[in-house]
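J.: Structure: my_file.cif, mmCIF, C-alpha atoms.
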```cif
data_input
loop_
_atom_site.label_atom_id
_atom_site.label_comp_id
_atom_site.auth_asym_id
_atom_site.auth_seq_id
_atom_site.Cartn_x
_atom_site.Cartn_y
_atom_site.Cartn_z
CA MET A 202 -42.50 -4.53 -32.60
CA ASN A 203 -40.97 -4.26 -29.13
CA GLU A 204 -43.16 -2.23 -26.83
CA GLY A 205 -40.29 -0.85 -24.78
CA ASN A 206 -39.50 -1.88 -21.22
CA PHE A 207 -41.74 -4.88 -20.54
CA ARG A 208 -41.09 -5.25 -16.81
CA ASP A 209 -43.73 -3.80 -14.51
CA LYS A 210 -41.68 -1.72 -12.06
CA GLU A 211 -44.60 -1.25 -9.63
CA ASN A 212 -45.36 -4.97 -9.40
CA PRO A 213 -42.38 -7.15 -10.36
CA ASN A 214 -44.41 -10.37 -9.79
CA VAL A 215 -46.68 -9.69 -12.78
CA LEU A 216 -46.34 -12.41 -15.37
CA THR A 217 -45.14 -11.25 -18.77
CA PHE A 218 -45.87 -12.93 -22.09
CA THR A 219 -43.87 -12.49 -25.28
CA ILE A 220 -44.95 -13.12 -28.84
CA ASP A 221 -42.41 -13.38 -31.63
CA ARG A 222 -42.64 -12.91 -35.38
CA ASN A 223 -43.40 -16.61 -35.80
CA ASN A 224 -46.52 -16.12 -33.61
CA HIS A 225 -45.21 -18.20 -30.70
CA ILE A 226 -46.26 -17.03 -27.25
CA LYS A 227 -44.01 -17.63 -24.25
CA ALA A 228 -44.66 -16.89 -20.58
CA LEU A 229 -41.76 -15.41 -18.64
CA VAL A 230 -41.18 -16.06 -14.96
CA PRO A 231 -41.45 -12.86 -12.85
CA ASN A 232 -38.05 -11.25 -12.30
CA GLU A 233 -36.60 -13.47 -15.04
CA GLN A 234 -33.85 -11.74 -16.94
CA ALA A 235 -35.09 -12.47 -20.42
CA PRO A 236 -33.06 -11.25 -23.34
CA VAL A 237 -34.68 -8.22 -24.91
CA ASN A 238 -35.59 -9.33 -28.40
CA PRO A 239 -36.49 -6.41 -30.65
CA ALA A 240 -38.49 -8.83 -32.82
CA SER A 241 -40.94 -9.77 -30.08
CA ALA A 242 -43.80 -7.93 -28.43
CA HIS A 243 -44.63 -8.16 -24.73
CA PHE A 244 -47.94 -8.06 -22.87
CA HIS A 245 -49.08 -8.46 -19.25
CA ASP A 246 -52.83 -8.80 -19.57
CA ALA A 247 -55.71 -8.99 -22.04
CA LYS A 248 -55.77 -5.21 -22.50
CA ASP A 249 -52.12 -5.18 -23.53
CA LEU A 250 -52.76 -8.03 -25.94
CA ASP A 251 -55.79 -6.20 -27.36
CA ARG A 252 -53.68 -3.08 -27.89
CA LEU A 253 -51.12 -5.11 -29.81
CA ALA A 254 -53.73 -7.03 -31.80
CA LYS A 255 -55.35 -3.86 -33.15
CA ARG A 256 -52.36 -3.47 -35.46
CA TRP A 257 -52.34 -7.09 -36.63
CA PRO A 258 -54.35 -8.41 -39.57
CA GLY A 259 -57.05 -10.98 -38.84
CA PRO A 260 -55.15 -13.89 -40.40
CA ARG A 261 -52.29 -13.32 -37.94
CA LEU A 262 -54.66 -13.87 -35.02
CA VAL A 263 -55.69 -17.18 -36.59
CA GLU A 264 -52.01 -18.12 -37.02
CA ILE A 265 -51.30 -17.26 -33.37
CA TRP A 266 -54.23 -19.40 -32.21
CA ASN A 267 -53.24 -22.33 -34.42
CA ALA A 268 -49.62 -22.16 -33.16
CA MET A 269 -50.72 -22.54 -29.52
CA PRO A 270 -50.25 -26.08 -28.18
CA GLY A 271 -53.35 -28.09 -27.38
CA GLN A 272 -55.82 -25.83 -29.20
CA LYS A 273 -58.14 -26.95 -31.97
CA PRO A 274 -57.15 -25.14 -35.17
CA VAL A 275 -59.58 -22.59 -36.64
CA THR A 276 -59.86 -20.97 -40.06
CA LYS A 277 -61.22 -17.63 -38.82
CA PHE A 278 -62.68 -15.84 -35.79
CA THR A 279 -66.03 -14.09 -35.69
CA ASP A 280 -64.32 -10.85 -34.64
CA ARG A 281 -61.11 -9.46 -33.16
CA LYS A 282 -62.49 -9.31 -29.61
CA VAL A 283 -63.29 -13.06 -29.61
CA ALA A 284 -59.85 -13.85 -31.00
CA VAL A 285 -58.05 -11.80 -28.34
CA SER A 286 -60.08 -13.25 -25.46
CA ARG A 287 -59.51 -16.84 -26.65
CA ILE A 288 -55.79 -16.27 -27.20
CA TRP A 289 -55.45 -14.65 -23.76
CA ALA A 290 -57.28 -17.53 -22.07
CA ALA A 291 -55.10 -20.10 -23.85
CA ALA A 292 -51.94 -18.16 -22.99
CA GLN A 293 -52.71 -18.65 -19.30
CA SER A 294 -51.98 -22.36 -19.68
CA LEU A 295 -48.46 -21.49 -20.85
CA ALA A 296 -47.64 -19.95 -17.47
CA PRO A 297 -44.80 -21.65 -15.59
CA GLU A 298 -45.59 -23.85 -12.61
CA PRO A 299 -46.27 -21.98 -9.32
CA SER A 300 -43.08 -23.36 -7.80
CA GLN A 301 -41.13 -21.58 -10.52
CA ARG A 302 -42.82 -18.22 -10.26
CA GLY A 303 -44.50 -17.92 -6.83
CA LEU A 304 -47.69 -16.43 -8.27
CA ARG A 305 -50.70 -18.15 -9.80
CA LEU A 306 -52.90 -16.10 -12.10
CA VAL A 307 -55.44 -18.78 -12.88
CA PRO A 308 -56.60 -20.96 -9.97
CA ARG A 309 -56.49 -24.64 -10.67
CA LYS A 310 -59.27 -26.89 -9.47
CA ALA A 311 -58.20 -28.93 -6.48
CA ARG A 312 -58.79 -32.63 -6.70
CA LEU A 313 -61.24 -33.71 -4.06
CA ARG A 314 -60.00 -37.22 -3.42
CA LYS A 315 -59.71 -38.97 -0.13
CA PRO A 316 -56.48 -40.71 0.80
CA ALA A 317 -56.42 -44.35 -0.28
CA GLY A 318 -56.44 -45.78 3.25
CA GLU A 319 -59.39 -43.73 4.49
CA ALA A 320 -62.67 -45.66 4.48
CA ARG A 321 -65.88 -44.04 3.37
CA LYS A 322 -68.62 -43.55 5.90
CA PRO A 323 -72.02 -44.81 4.73
CA VAL A 324 -74.50 -42.12 3.81
CA PRO A 325 -77.79 -42.33 5.73
CA ALA A 326 -80.69 -43.61 3.64
CA ARG A 327 -83.34 -41.14 2.55
CA ARG A 328 -86.85 -42.34 3.22
CA SER A 329 -88.59 -40.02 0.76
CA GLY A 330 -88.82 -39.83 -3.01
CA LYS A 331 -87.61 -42.52 -5.35
CA THR A 332 -84.88 -43.64 -2.98
CA GLY A 333 -87.50 -44.33 -0.32
CA ARG A 334 -89.70 -46.21 -2.79
CA VAL A 335 -86.81 -48.41 -3.90
CA LEU A 336 -85.82 -49.14 -0.29
CA GLU A 337 -89.40 -50.11 0.59
CA LEU A 338 -89.57 -52.49 -2.38
CA LEU A 339 -86.22 -54.07 -1.56
CA GLN A 340 -87.19 -54.64 2.11
CA ARG A 341 -90.30 -56.66 1.24
CA PRO A 342 -90.07 -60.43 1.65
CA GLY A 343 -88.64 -61.71 -1.64
CA GLY A 344 -87.46 -58.22 -2.62
CA ALA A 345 -88.40 -56.67 -5.96
CA THR A 346 -87.82 -57.59 -9.57
CA LEU A 347 -86.13 -55.28 -12.03
CA PRO A 348 -89.43 -54.55 -13.87
CA GLN A 349 -91.05 -53.60 -10.53
CA LEU A 350 -88.19 -51.22 -9.72
CA VAL A 351 -88.38 -49.70 -13.22
CA ALA A 352 -92.14 -49.16 -12.82
CA ALA A 353 -91.73 -47.60 -9.35
CA THR A 354 -89.00 -45.16 -10.36
CA ARG A 355 -89.79 -44.62 -14.08
CA TRP A 356 -86.07 -45.07 -14.74
CA GLN A 357 -84.53 -47.23 -17.43
CA SER A 358 -83.29 -50.63 -16.33
CA HIS A 359 -79.60 -49.70 -16.60
CA SER A 360 -80.24 -46.66 -14.39
CA VAL A 361 -81.92 -48.83 -11.75
CA ARG A 362 -78.98 -51.25 -11.74
CA GLY A 363 -76.55 -48.32 -11.47
CA PHE A 364 -78.56 -46.88 -8.56
CA LEU A 365 -78.49 -50.22 -6.77
CA SER A 366 -74.75 -50.61 -7.27
CA GLY A 367 -73.58 -47.02 -6.86
CA THR A 368 -75.93 -45.35 -4.43
CA LEU A 369 -77.25 -48.17 -2.30
CA LYS A 370 -74.18 -50.44 -2.19
CA LYS A 371 -71.27 -48.02 -2.41
CA LYS A 372 -72.58 -44.78 -0.93
CA MET A 373 -75.08 -46.08 1.61
CA GLY A 374 -73.15 -49.23 2.44
CA LEU A 375 -76.19 -51.53 2.11
CA LYS A 376 -75.82 -55.20 1.20
CA ILE A 377 -77.90 -55.86 -1.91
CA GLU A 378 -78.61 -59.48 -2.79
CA SER A 379 -79.40 -60.46 -6.37
CA THR A 380 -81.13 -63.75 -7.22
CA LYS A 381 -82.45 -65.20 -10.44
CA GLU A 382 -85.92 -66.72 -10.31
CA ALA A 383 -87.04 -69.82 -12.23
CA GLY A 384 -88.40 -67.73 -15.11
CA GLY A 385 -85.04 -66.00 -15.58
CA ILE A 386 -86.21 -62.75 -13.95
CA ARG A 387 -83.71 -61.24 -11.54
CA SER A 388 -84.89 -59.97 -8.15
CA TYR A 389 -83.07 -57.74 -5.70
CA SER A 390 -83.38 -57.48 -1.93
CA ILE A 391 -81.54 -55.97 1.02
CA LYS A 392 -79.56 -58.49 3.06
CA ALA A 393 -80.23 -58.36 6.76
#
```
Using structure tokens, write down the structure that the file contains.
T.:
Amino acid sequence: MNEGNFRDKENPNVLTFTIDRNNHIKALVPNEQAPVNPASAHFHDAKDLDRLAKRWPGPRLVEIWNAMPGQKPVTKFTDRKVAVSRIWAAAQSLAPEPSQRGLRLVPRKARLRKPAGEARKPVPARRSGKTGRVLELLQRPGGATLPQLVAATRWQSHSVRGFLSGTLKKKMGLKIESTKEAGGIRSYSIKA
């Protein structure tokens, strides 16, 4: 089962994966001196994995997939190519942290958060489209009722309330005042 020397001599930073007889895949850190286990196969990329998988029966591919942590178990794959591509993609998550290996094969999405102390700058108000219509209604004397805002935007009432709270108050920094009229109907207006 061993495919010979599994270290890439031309590029020693290439990540190597091993798969044992129990169908467990492990990612090795580049330049790691892993014990050579004659009962495990080694692969560097999807092509290597595909070459290995051609000799395996279909049920073994299912067992490999089901042994991978965090994956939803399956009973079969549509074909060998799908199985290999899904196993390869899942194996990428087994790679050690970048600090341990110095090379990242799969880029991770950076979190786009602002530091806690940094205040948001208000977004300028758009005067066209539905945003403009809502702003015009809210600037009238007495403001606008929820049914009026729903009719002007053709949104559902919960969407209008979310727009008032999220877009106008939080993003644009406007002060929205809510009052309940005698009939129980709520009206909204922009505070001056």
J.: Within 8 Å of (-77.9, -53.4, 1.7), in the coordinates the file gives, what residues turn up when you count only C-alpha atoms, written out as JSON, numbers by chain?
T.: {"A": [369, 370, 373, 374, 375, 376, 377, 378, 390, 391, 392, 393]}
J.: Given the file shown, enumerate the residues that the PyMOL selection byres ((chain A and resi 359-365) around 12) captures and present them as a PyMOL selection string.
T.: chain A and resi 331-332+335-336+339+345-358+366-379+387-391
J.: Could you list, as a short mmCIF file (atom, residue, chain, number, x, y, z; two decimals) with C-alpha atoms, in the frame of the given file, every residue matched by the PyMOL selection byres ((chain A and resi 219) around 10) in this structure?
T.:
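Below is the file that was written, result-v9.cif:
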```cif
data_model
loop_
_atom_site.label_atom_id
_atom_site.label_comp_id
_atom_site.auth_asym_id
_atom_site.auth_seq_id
_atom_site.Cartn_x
_atom_site.Cartn_y
_atom_site.Cartn_z
CA ASN A 203 -40.97 -4.26 -29.13
CA PHE A 207 -41.74 -4.88 -20.54
CA THR A 217 -45.14 -11.25 -18.77
CA PHE A 218 -45.87 -12.93 -22.09
CA ILE A 220 -44.95 -13.12 -28.84
CA ASP A 221 -42.41 -13.38 -31.63
CA ASN A 224 -46.52 -16.12 -33.61
CA HIS A 225 -45.21 -18.20 -30.70
CA ILE A 226 -46.26 -17.03 -27.25
CA LYS A 227 -44.01 -17.63 -24.25
CA ALA A 228 -44.66 -16.89 -20.58
CA LEU A 229 -41.76 -15.41 -18.64
CA ASN A 238 -35.59 -9.33 -28.40
CA ALA A 240 -38.49 -8.83 -32.82
CA SER A 241 -40.94 -9.77 -30.08
CA ALA A 242 -43.80 -7.93 -28.43
CA HIS A 243 -44.63 -8.16 -24.73
CA PHE A 244 -47.94 -8.06 -22.87
CA HIS A 245 -49.08 -8.46 -19.25
CA LEU A 250 -52.76 -8.03 -25.94
#
```
J.: Using the chain letters and numbers from this file, what does the PyMOL selection byres ((chain A and resi 295) around 9) select? Give the answer as a VMD selection string.
T.: chain A and resid 226 to 228 270 291 to 294 296 to 297
J.: What gap, in Å, lies between atom CA of A:Ser286 and atom CA of A:Asn267?
T.: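 Separation of atom CA of A:Ser286 and atom CA of A:Asn267: 14.5 Å.
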J.: Quote the spacing between atom CA of A:Glu264 and atom CA of A:Leu216 in Å to one decimal place.
T.: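 For atom CA of A:Glu264 relative to atom CA of A:Leu216, the distance reads 23.1 Å.
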J.: Could you please determine the separation between atom CA of A:Lys277 and atom CA of A:Asp246 in Å, to one decimal place?
T.: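 Taking atom CA of A:Lys277 and atom CA of A:Asp246, their separation equals 22.8 Å.
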J.: With distances taken over all atoms listed in the file, which residue among A:Gly333, A:Val285, A:Pro342, A:Ala247 lies nearest A:Trp266?
T.: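 Smallest separation from A:Trp266 among the options: A:Val285.
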